[in-house]
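Novice: entry_33.cif is reproduced below (mmCIF, C-alpha atoms and all ligand atoms).
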```cif
data_start
loop_
_atom_site.label_atom_id
_atom_site.label_comp_id
_atom_site.auth_asym_id
_atom_site.auth_seq_id
_atom_site.Cartn_x
_atom_site.Cartn_y
_atom_site.Cartn_z
CA MET A 22 -107.44 107.46 -29.82
CA ASP A 23 -110.76 106.57 -31.43
CA LEU A 24 -111.37 102.90 -30.65
CA GLY A 25 -114.05 102.62 -33.34
CA LEU A 26 -116.55 101.05 -30.95
CA GLN A 27 -119.48 103.42 -31.54
CA ASN A 28 -122.77 101.45 -31.84
CA LYS A 29 -121.15 98.03 -31.53
CA ILE A 30 -123.05 95.48 -29.44
CA ALA A 31 -121.15 93.84 -26.58
CA LEU A 32 -122.22 90.95 -24.37
CA VAL A 33 -120.29 90.76 -21.11
CA ALA A 34 -120.87 87.65 -18.99
CA ALA A 35 -120.89 87.71 -15.17
CA SER A 36 -121.20 91.47 -15.05
CA SER A 37 -123.34 92.70 -12.14
CA ARG A 38 -120.13 93.61 -10.31
CA GLY A 39 -116.36 93.33 -10.36
CA LEU A 40 -114.33 92.88 -13.54
CA GLY A 41 -117.35 92.09 -15.72
CA LYS A 42 -119.19 95.22 -14.59
CA ALA A 43 -116.12 97.38 -15.23
CA ALA A 44 -115.74 95.87 -18.71
CA ALA A 45 -119.41 96.50 -19.58
CA TRP A 46 -119.21 100.06 -18.21
CA THR A 47 -116.05 100.92 -20.18
CA LEU A 48 -117.41 99.42 -23.41
CA ALA A 49 -120.60 101.48 -22.95
CA GLN A 50 -118.49 104.60 -22.33
CA GLU A 51 -116.78 103.87 -25.65
CA GLY A 52 -120.15 103.81 -27.44
CA CYS A 53 -121.30 100.16 -27.27
CA ASP A 54 -124.77 99.02 -26.32
CA VAL A 55 -124.27 96.22 -23.80
CA VAL A 56 -125.87 93.01 -22.63
CA ILE A 57 -125.05 92.20 -19.01
CA THR A 58 -125.78 89.05 -17.06
CA ALA A 59 -125.45 87.52 -13.59
CA ARG A 60 -127.54 85.13 -11.53
CA GLY A 61 -129.22 87.67 -9.21
CA GLN A 62 -131.81 90.01 -10.74
CA GLU A 63 -131.56 92.81 -8.18
CA ALA A 64 -127.82 93.54 -8.43
CA LEU A 65 -128.01 93.13 -12.20
CA ASP A 66 -130.83 95.70 -12.54
CA ARG A 67 -128.95 98.13 -10.31
CA THR A 68 -125.83 97.81 -12.46
CA ALA A 69 -127.87 98.24 -15.66
CA ASP A 70 -129.38 101.48 -14.28
CA GLU A 71 -125.95 102.79 -13.27
CA ILE A 72 -124.41 102.10 -16.71
CA ARG A 73 -127.42 103.63 -18.53
CA ALA A 74 -127.31 106.76 -16.38
CA ALA A 75 -123.53 107.18 -16.75
CA THR A 76 -123.22 106.49 -20.48
CA GLY A 77 -126.64 107.00 -22.09
CA ARG A 78 -126.23 103.67 -23.91
CA GLN A 79 -128.78 100.86 -24.09
CA VAL A 80 -128.26 98.11 -21.52
CA LEU A 81 -130.08 94.78 -21.64
CA ALA A 82 -129.93 92.90 -18.32
CA VAL A 83 -130.65 89.17 -18.54
CA PRO A 84 -130.43 87.05 -15.37
CA ALA A 85 -128.58 83.82 -16.17
CA ASP A 86 -126.21 81.29 -14.68
CA VAL A 87 -123.43 80.92 -17.25
CA SER A 88 -122.63 77.41 -16.07
CA VAL A 89 -126.08 76.24 -17.29
CA LEU A 90 -126.57 75.55 -21.00
CA THR A 91 -130.28 76.50 -21.10
CA ASP A 92 -129.50 79.83 -19.40
CA ILE A 93 -126.85 80.56 -22.04
CA GLU A 94 -129.36 79.79 -24.79
CA ARG A 95 -131.91 82.15 -23.19
CA LEU A 96 -129.25 84.85 -22.75
CA THR A 97 -127.95 84.78 -26.33
CA ASP A 98 -131.50 84.54 -27.74
CA ALA A 99 -132.50 87.64 -25.73
CA ALA A 100 -129.39 89.53 -26.88
CA ILE A 101 -130.07 88.80 -30.54
CA ALA A 102 -133.84 89.47 -30.21
CA THR A 103 -133.09 92.92 -28.76
CA PHE A 104 -130.05 94.07 -30.73
CA GLY A 105 -130.03 91.77 -33.79
CA GLN A 106 -126.37 90.84 -33.30
CA VAL A 107 -123.47 90.66 -30.87
CA ASP A 108 -120.12 92.01 -32.12
CA ILE A 109 -118.07 91.69 -28.96
CA LEU A 110 -118.21 88.80 -26.50
CA VAL A 111 -116.45 89.10 -23.15
CA ASN A 112 -116.45 85.70 -21.45
CA ASN A 113 -116.36 85.78 -17.67
CA ALA A 114 -117.73 83.83 -14.68
CA GLY A 115 -117.16 83.47 -10.96
CA GLY A 116 -114.17 81.47 -9.76
CA PRO A 117 -114.46 77.76 -8.82
CA ARG A 118 -113.91 76.71 -5.22
CA PRO A 119 -110.35 76.82 -3.87
CA GLY A 120 -108.44 73.73 -2.73
CA VAL A 121 -105.80 71.18 -3.68
CA PHE A 122 -106.07 67.99 -5.77
CA THR A 123 -106.98 65.71 -2.86
CA ASP A 124 -109.85 67.99 -1.76
CA MET A 125 -111.77 67.47 -4.99
CA GLU A 126 -114.52 65.05 -5.94
CA ASP A 127 -115.65 64.28 -9.47
CA GLU A 128 -118.50 66.79 -9.22
CA ASP A 129 -116.12 69.62 -8.20
CA TRP A 130 -114.07 69.12 -11.37
CA LEU A 131 -117.19 68.97 -13.53
CA ALA A 132 -118.67 72.09 -11.90
CA ALA A 133 -115.43 74.03 -12.50
CA ILE A 134 -115.32 72.94 -16.14
CA ASP A 135 -118.96 73.99 -16.62
CA LEU A 136 -118.38 77.33 -14.91
CA ASN A 137 -115.15 78.47 -16.53
CA LEU A 138 -114.54 76.38 -19.65
CA MET A 139 -117.95 75.27 -20.95
CA SER A 140 -119.48 78.74 -20.36
CA THR A 141 -116.79 80.19 -22.64
CA ILE A 142 -117.25 77.46 -25.25
CA ARG A 143 -121.05 77.66 -25.21
CA LEU A 144 -121.29 81.47 -25.43
CA THR A 145 -118.71 81.46 -28.21
CA GLU A 146 -120.52 78.67 -30.07
CA ARG A 147 -123.72 80.69 -30.11
CA LEU A 148 -122.29 84.09 -31.03
CA LEU A 149 -119.48 83.14 -33.42
CA PRO A 150 -121.75 82.30 -36.40
CA GLY A 151 -123.13 85.88 -36.52
CA MET A 152 -119.60 87.31 -36.29
CA ARG A 153 -118.52 85.11 -39.20
CA GLN A 154 -121.53 86.19 -41.29
CA ARG A 155 -120.67 89.87 -40.73
CA GLY A 156 -116.89 89.36 -41.06
CA TRP A 157 -116.18 91.15 -37.79
CA GLY A 158 -115.98 89.97 -34.20
CA ARG A 159 -114.07 90.17 -30.93
CA ILE A 160 -113.92 87.43 -28.32
CA ILE A 161 -112.11 88.26 -25.09
CA ASN A 162 -111.85 85.78 -22.24
CA ILE A 163 -111.24 86.95 -18.68
CA THR A 164 -108.96 84.31 -17.16
CA SER A 165 -106.29 84.84 -14.48
CA VAL A 166 -102.53 85.14 -14.04
CA SER A 167 -102.82 81.49 -13.01
CA VAL A 168 -102.75 80.54 -16.72
CA LYS A 169 -99.13 81.73 -16.74
CA GLN A 170 -98.21 80.70 -13.20
CA PRO A 171 -100.60 78.20 -11.58
CA LEU A 172 -101.60 79.15 -8.03
CA PRO A 173 -101.03 76.44 -5.37
CA ASN A 174 -104.47 76.35 -3.72
CA LEU A 175 -106.58 76.84 -6.86
CA ILE A 176 -106.28 73.58 -8.78
CA LEU A 177 -109.80 73.78 -10.27
CA SER A 178 -109.28 77.31 -11.54
CA ASN A 179 -105.78 76.51 -12.87
CA THR A 180 -107.09 73.51 -14.80
CA ALA A 181 -110.30 74.93 -16.27
CA ARG A 182 -108.67 78.23 -17.29
CA ALA A 183 -105.79 76.47 -19.05
CA GLY A 184 -108.48 74.85 -21.20
CA VAL A 185 -109.91 78.29 -22.05
CA VAL A 186 -106.50 79.52 -23.21
CA ALA A 187 -105.89 76.42 -25.35
CA MET A 188 -109.36 76.67 -26.91
CA ALA A 189 -108.95 80.41 -27.58
CA LYS A 190 -105.53 80.03 -29.18
CA THR A 191 -106.75 77.28 -31.49
CA LEU A 192 -109.95 79.13 -32.44
CA ALA A 193 -107.98 82.36 -33.03
CA GLY A 194 -106.01 80.64 -35.78
CA GLN A 195 -109.15 79.23 -37.37
CA VAL A 196 -111.06 82.55 -37.63
CA ALA A 197 -108.22 85.08 -38.00
CA ALA A 198 -108.80 85.55 -41.74
CA GLU A 199 -112.49 86.35 -41.13
CA GLY A 200 -112.01 89.59 -39.17
CA ILE A 201 -112.50 87.90 -35.81
CA THR A 202 -109.95 88.08 -33.01
CA VAL A 203 -109.82 85.87 -29.92
CA ASN A 204 -107.69 86.90 -26.93
CA ASN A 205 -107.34 86.18 -23.21
CA VAL A 206 -106.75 88.73 -20.47
CA CYS A 207 -105.23 87.73 -17.13
CA PRO A 208 -106.00 89.85 -14.09
CA GLY A 209 -103.57 89.77 -11.17
CA TYR A 210 -104.97 91.22 -7.92
CA MET A 211 -107.72 93.68 -8.86
CA LEU A 212 -109.72 95.35 -6.12
CA THR A 213 -113.20 93.92 -6.74
CA ASP A 214 -115.84 92.86 -4.17
CA ARG A 215 -114.41 89.34 -4.36
CA VAL A 216 -110.90 90.44 -3.41
CA ARG A 217 -112.31 92.88 -0.81
CA GLY A 218 -114.30 89.92 0.62
CA ILE A 219 -111.18 87.72 0.83
CA ALA A 220 -109.38 90.54 2.66
CA GLU A 221 -112.31 91.07 5.06
CA THR A 222 -112.53 87.35 5.91
CA ARG A 223 -108.81 87.22 6.70
CA ALA A 224 -109.06 90.49 8.63
CA ASP A 225 -111.79 88.99 10.85
CA GLN A 226 -109.74 85.81 11.42
CA GLU A 227 -106.59 87.75 12.26
CA ASP A 228 -108.33 90.61 14.10
CA ARG A 229 -106.80 93.44 12.07
CA PRO A 230 -108.09 95.93 9.48
CA ALA A 231 -108.88 94.68 5.94
CA GLN A 232 -106.80 97.55 4.56
CA SER A 233 -103.65 96.04 6.12
CA ILE A 234 -104.35 92.75 4.30
CA ILE A 235 -104.74 94.63 1.00
CA GLU A 236 -101.47 96.48 1.68
CA GLU A 237 -99.79 93.14 2.35
CA MET A 238 -101.07 91.78 -1.01
CA ALA A 239 -99.57 94.89 -2.64
CA GLN A 240 -96.12 94.16 -1.21
CA GLY A 241 -95.83 91.06 -3.41
CA ILE A 242 -96.64 93.05 -6.58
CA PRO A 243 -93.83 94.96 -8.35
CA ALA A 244 -96.19 97.96 -8.84
CA ARG A 245 -96.74 97.91 -5.01
CA ARG A 246 -100.50 98.25 -5.35
CA VAL A 247 -103.49 96.14 -6.28
CA GLY A 248 -105.14 96.97 -9.61
CA GLN A 249 -108.46 98.68 -10.23
CA PRO A 250 -111.13 96.83 -12.27
CA GLU A 251 -111.14 99.76 -14.72
CA GLU A 252 -107.50 99.02 -15.57
CA LEU A 253 -108.42 95.55 -16.84
CA ALA A 254 -111.50 97.02 -18.55
CA ALA A 255 -109.27 99.43 -20.50
CA LEU A 256 -107.27 96.48 -21.87
CA ILE A 257 -110.51 94.69 -22.79
CA ALA A 258 -111.86 97.79 -24.57
CA PHE A 259 -108.63 98.09 -26.56
CA LEU A 260 -108.70 94.42 -27.57
CA ALA A 261 -112.35 94.89 -28.58
CA SER A 262 -111.50 97.88 -30.73
CA GLN A 263 -110.95 98.35 -34.43
CA ARG A 264 -107.37 99.39 -33.55
CA ALA A 265 -106.61 95.91 -32.21
CA ALA A 266 -107.58 94.12 -35.45
CA TYR A 267 -104.11 92.53 -35.80
CA ILE A 268 -103.89 91.26 -32.21
CA THR A 269 -105.21 87.72 -31.89
CA GLY A 270 -104.38 84.50 -30.06
CA THR A 271 -102.66 86.43 -27.26
CA THR A 272 -102.84 85.98 -23.48
CA ILE A 273 -102.05 89.31 -21.83
CA GLN A 274 -101.70 89.90 -18.12
CA CYS A 275 -102.79 93.10 -16.34
CA ASP A 276 -101.08 92.54 -13.01
CA GLY A 277 -98.65 95.32 -12.06
CA GLY A 278 -95.74 93.01 -12.98
CA LEU A 279 -96.82 90.07 -10.78
CA VAL A 280 -96.15 87.26 -13.29
CA LYS A 281 -92.47 86.37 -13.40
CA SER A 282 -92.42 84.30 -16.60
CA LEU A 283 -90.92 85.71 -19.84
CA LEU A 284 -94.09 85.21 -21.90
P1 LIG B 301 -116.76 89.33 -8.36
O1 LIG B 301 -117.20 88.32 -7.38
O2 LIG B 301 -116.48 90.72 -7.91
O3 LIG B 301 -117.81 89.40 -9.57
C1 LIG B 301 -118.22 88.22 -10.20
C2 LIG B 301 -119.44 88.49 -11.08
O4 LIG B 301 -119.78 87.26 -11.70
C3 LIG B 301 -120.67 88.92 -10.30
O5 LIG B 301 -121.40 89.82 -11.09
C4 LIG B 301 -121.43 87.60 -10.13
O6 LIG B 301 -122.81 87.82 -9.95
C5 LIG B 301 -121.13 86.95 -11.46
N1 LIG B 301 -121.22 85.48 -11.47
C6 LIG B 301 -120.58 84.62 -10.67
N2 LIG B 301 -120.89 83.35 -11.01
C7 LIG B 301 -121.77 83.43 -12.04
C8 LIG B 301 -122.47 82.48 -12.82
N3 LIG B 301 -122.35 81.16 -12.58
N4 LIG B 301 -123.28 82.93 -13.80
C9 LIG B 301 -123.42 84.24 -14.03
N5 LIG B 301 -122.80 85.19 -13.33
C10 LIG B 301 -121.97 84.79 -12.35
O7 LIG B 301 -115.47 88.66 -9.05
P2 LIG B 301 -114.30 89.34 -9.90
O8 LIG B 301 -113.19 89.69 -8.97
O9 LIG B 301 -114.85 90.36 -10.81
O10 LIG B 301 -113.76 88.07 -10.74
C11 LIG B 301 -114.29 87.71 -11.99
C12 LIG B 301 -113.51 86.50 -12.51
O11 LIG B 301 -112.13 86.86 -12.64
C13 LIG B 301 -113.56 85.30 -11.56
O12 LIG B 301 -113.56 84.12 -12.32
C14 LIG B 301 -112.27 85.43 -10.80
O13 LIG B 301 -111.83 84.18 -10.30
C15 LIG B 301 -111.35 85.96 -11.88
N6 LIG B 301 -110.18 86.67 -11.36
C16 LIG B 301 -110.32 87.76 -10.58
C17 LIG B 301 -109.19 88.39 -10.07
C18 LIG B 301 -109.29 89.63 -9.21
O14 LIG B 301 -108.28 90.07 -8.68
N7 LIG B 301 -110.45 90.23 -9.02
C19 LIG B 301 -107.93 87.88 -10.37
C20 LIG B 301 -107.81 86.76 -11.18
C21 LIG B 301 -108.96 86.15 -11.68
#
```
Please lay out the structure from this file as structure tokens.
Specialist:
Amino acid sequence: MDLGLQNKIALVAASSRGLGKAAAWTLAQEGCDVVITARGQEALDRTADEIRAATGRQVLAVPADVSVLTDIERLTDAAIATFGQVDILVNNAGGPRPGVFTDMEDEDWLAAIDLNLMSTIRLTERLLPGMRQRGWGRIINITSVSVKQPLPNLILSNTARAGVVAMAKTLAGQVAAEGITVNNVCPGYMLTDRVRGIAETRADQEDRPAQSIIEEMAQGIPARRVGQPEELAALIAFLASQRAAYITGTTIQCDGGLVKSLL
């Protein structure tokens, strides 16, 4: 299937590794030039080199913290100065700190909102006007299965991501007639460095191999395995494509059947 992504420009936030990196890589494989961003320059440059070498596409690497407004301004300015436009925006960030309601102070809530909700709003605010001018755009937010089934020890993530879904659904309706789609994707357990790190920490605490922790995670998933970042990236590339022009306002999980709700 030709996704019609040749020579589109995609900006993927939080993309030196993990789900963001896989999304940027897959979009570049499909013919996009990509803008990638993360806080640390070294890992970002390494990822940019890898994507260039594997795909032959242009990759602009801009160090930025997506929870900081001035960094977002610098990032979007650099993207437009280099490529003239951004057609596809993939919103992503790290996860806020775990914990329950009574663990959190005011500043924890505000930091989580800045990281996961305001980063999405601010990047969208800056890149939507160009999409509207050209009558074509794709906005895809990486959220979590927690937007369908909140996770007990992740109250900050549950709360901020629910805001992303509500914002996206409302915006999708507003811009649908202008050739712009807005969708959310919800990863379940995907084997990124973050999930590997969680498994390694538990493995150390429990004095057993990390692989046995990952196998245990898999037992709770109907597919009986954790996902690969490339599997979420394939969904993102499809939603970014010309073929997905009639899909908007959706929230789609990629989770091996983990979510138990009907919708
Ligand atoms: P990861 O730690 O492997 O990668 C995160 C990327 O984001 C890195 O490139 C990091 O440098 C960058 N980053 C983090 N904070 C940033 C910031 N403030 N500004 C700019 N860049 C930043 O994580 P991942 O597993 O790819 O997860 C990505 C997102 O998806 C997270 O919000 C995570 O909570 C969520 N998620 C992941 C899974 C999973 O199974 N991997 C499941 C559900 C939700």
Novice: With all atoms listed in the file as the basis for distance, which of A:Asp228, A:Asp124, A:Asp23, A:Glu252 is at the shortest distance from ligand LIG 301 (chain B)?
Specialist: A:Glu252
Novice: Between A:Ile160, A:Leu148, A:Met139, A:Val247, which is the closest to Ile101 (chain A) once you count only C-alpha atoms?
Specialist: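 Residue with the minimum atom-to-atom distance to Ile101 (chain A): A:Leu148.
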Novice: When distances are computed from only C-alpha atoms, which of A:Gln27, A:Thr141, A:Thr269, A:Thr191 shows the smallest separation from Leu48 (chain A)?
Specialist: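 So, comparing all the options, the nearest one is A:Gln27.
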Novice: For Ile30 (chain A), work out the shell of residues within 6 Å, counting all atoms listed in the file and skipping chain neighbours fewer than 4 positions away, then give it as a ChimeraX atom specification.
Specialist: /A:53-55,107-108
Novice: Using all atoms listed in the file, which residues of the polymer chains come no farther than 9 Å from ligand LIG 301 (chain B)? I'd like the answer as number ranges by chain.
Specialist: A: 34-43, 58-61, 64-65, 84-89, 92, 113-117, 135-137, 140, 163-167, 178, 207-218, 247-250, 276
Novice: For each of A:Ala187, A:Ala193, A:Leu149, A:Ala133, take the minimum atom-to-atom distance to Leu175 (chain A), counting all atoms listed in the file, then give the residue where this is smallest.
Specialist: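 Ranking A:Ala187, A:Ala193, A:Leu149, A:Ala133 by distance to Leu175 (chain A), first place goes to A:Ala133.
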Novice: What is the distance between CA of Thr97 (chain A) and CA of Val56 (chain A), in Å to one decimal?
Specialist: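 CA of Thr97 (chain A) sits 9.3 Å away from CA of Val56 (chain A).
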Novice: With distances taken over only C-alpha atoms, which of A:Arg159, A:Arg229, A:Arg143, A:Arg153 is nearest to Leu110 (chain A)?
Specialist: A:Arg159
Novice: Tell me which of A:Lys281, A:Arg95, A:Arg67, A:Lys169 sits closest to Val186 (chain A), counting only C-alpha atoms.
Specialist: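 Counting only C-alpha atoms, the residue closest to Val186 (chain A) is A:Lys169.
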Novice: Report the distance between CA of Pro171 (chain A) and CA of Leu131 (chain A) in Å, rounded to one decimal place.
Specialist: 19.1 Å
Novice: Using all atoms listed in the file, determine which residues lie at most 6 Å from region 235-245 of chain A, disregarding the query and same-chain residues fewer than 6 positions distant; provide the list as a PyMOL selection string.
Specialist: chain A and resi 277-279
Novice: Between CA of Cys275 (chain A) and CA of Trp130 (chain A), measure the distance and give it in Å to one decimal.
Specialist: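 Taking CA of Cys275 (chain A) and CA of Trp130 (chain A), their separation equals 27.0 Å.
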Novice: Quick one: everything within 10 Å of Gln106 (chain A), counting only C-alpha atoms, minus sequence neighbours fewer than 6 positions away in the same chain. Send it as JSON, numbers by chain.
Specialist: {"A": [29, 30, 31, 32, 97, 98, 100, 148, 151, 152, 155]}
Novice: Near Ala255 (chain A), within 8 Å and counting all atoms listed in the file, which residues show up once chain neighbours fewer than 3 positions away are dropped, as a ChimeraX atom specification?
Specialist: /A:44,47,251-252,258-259
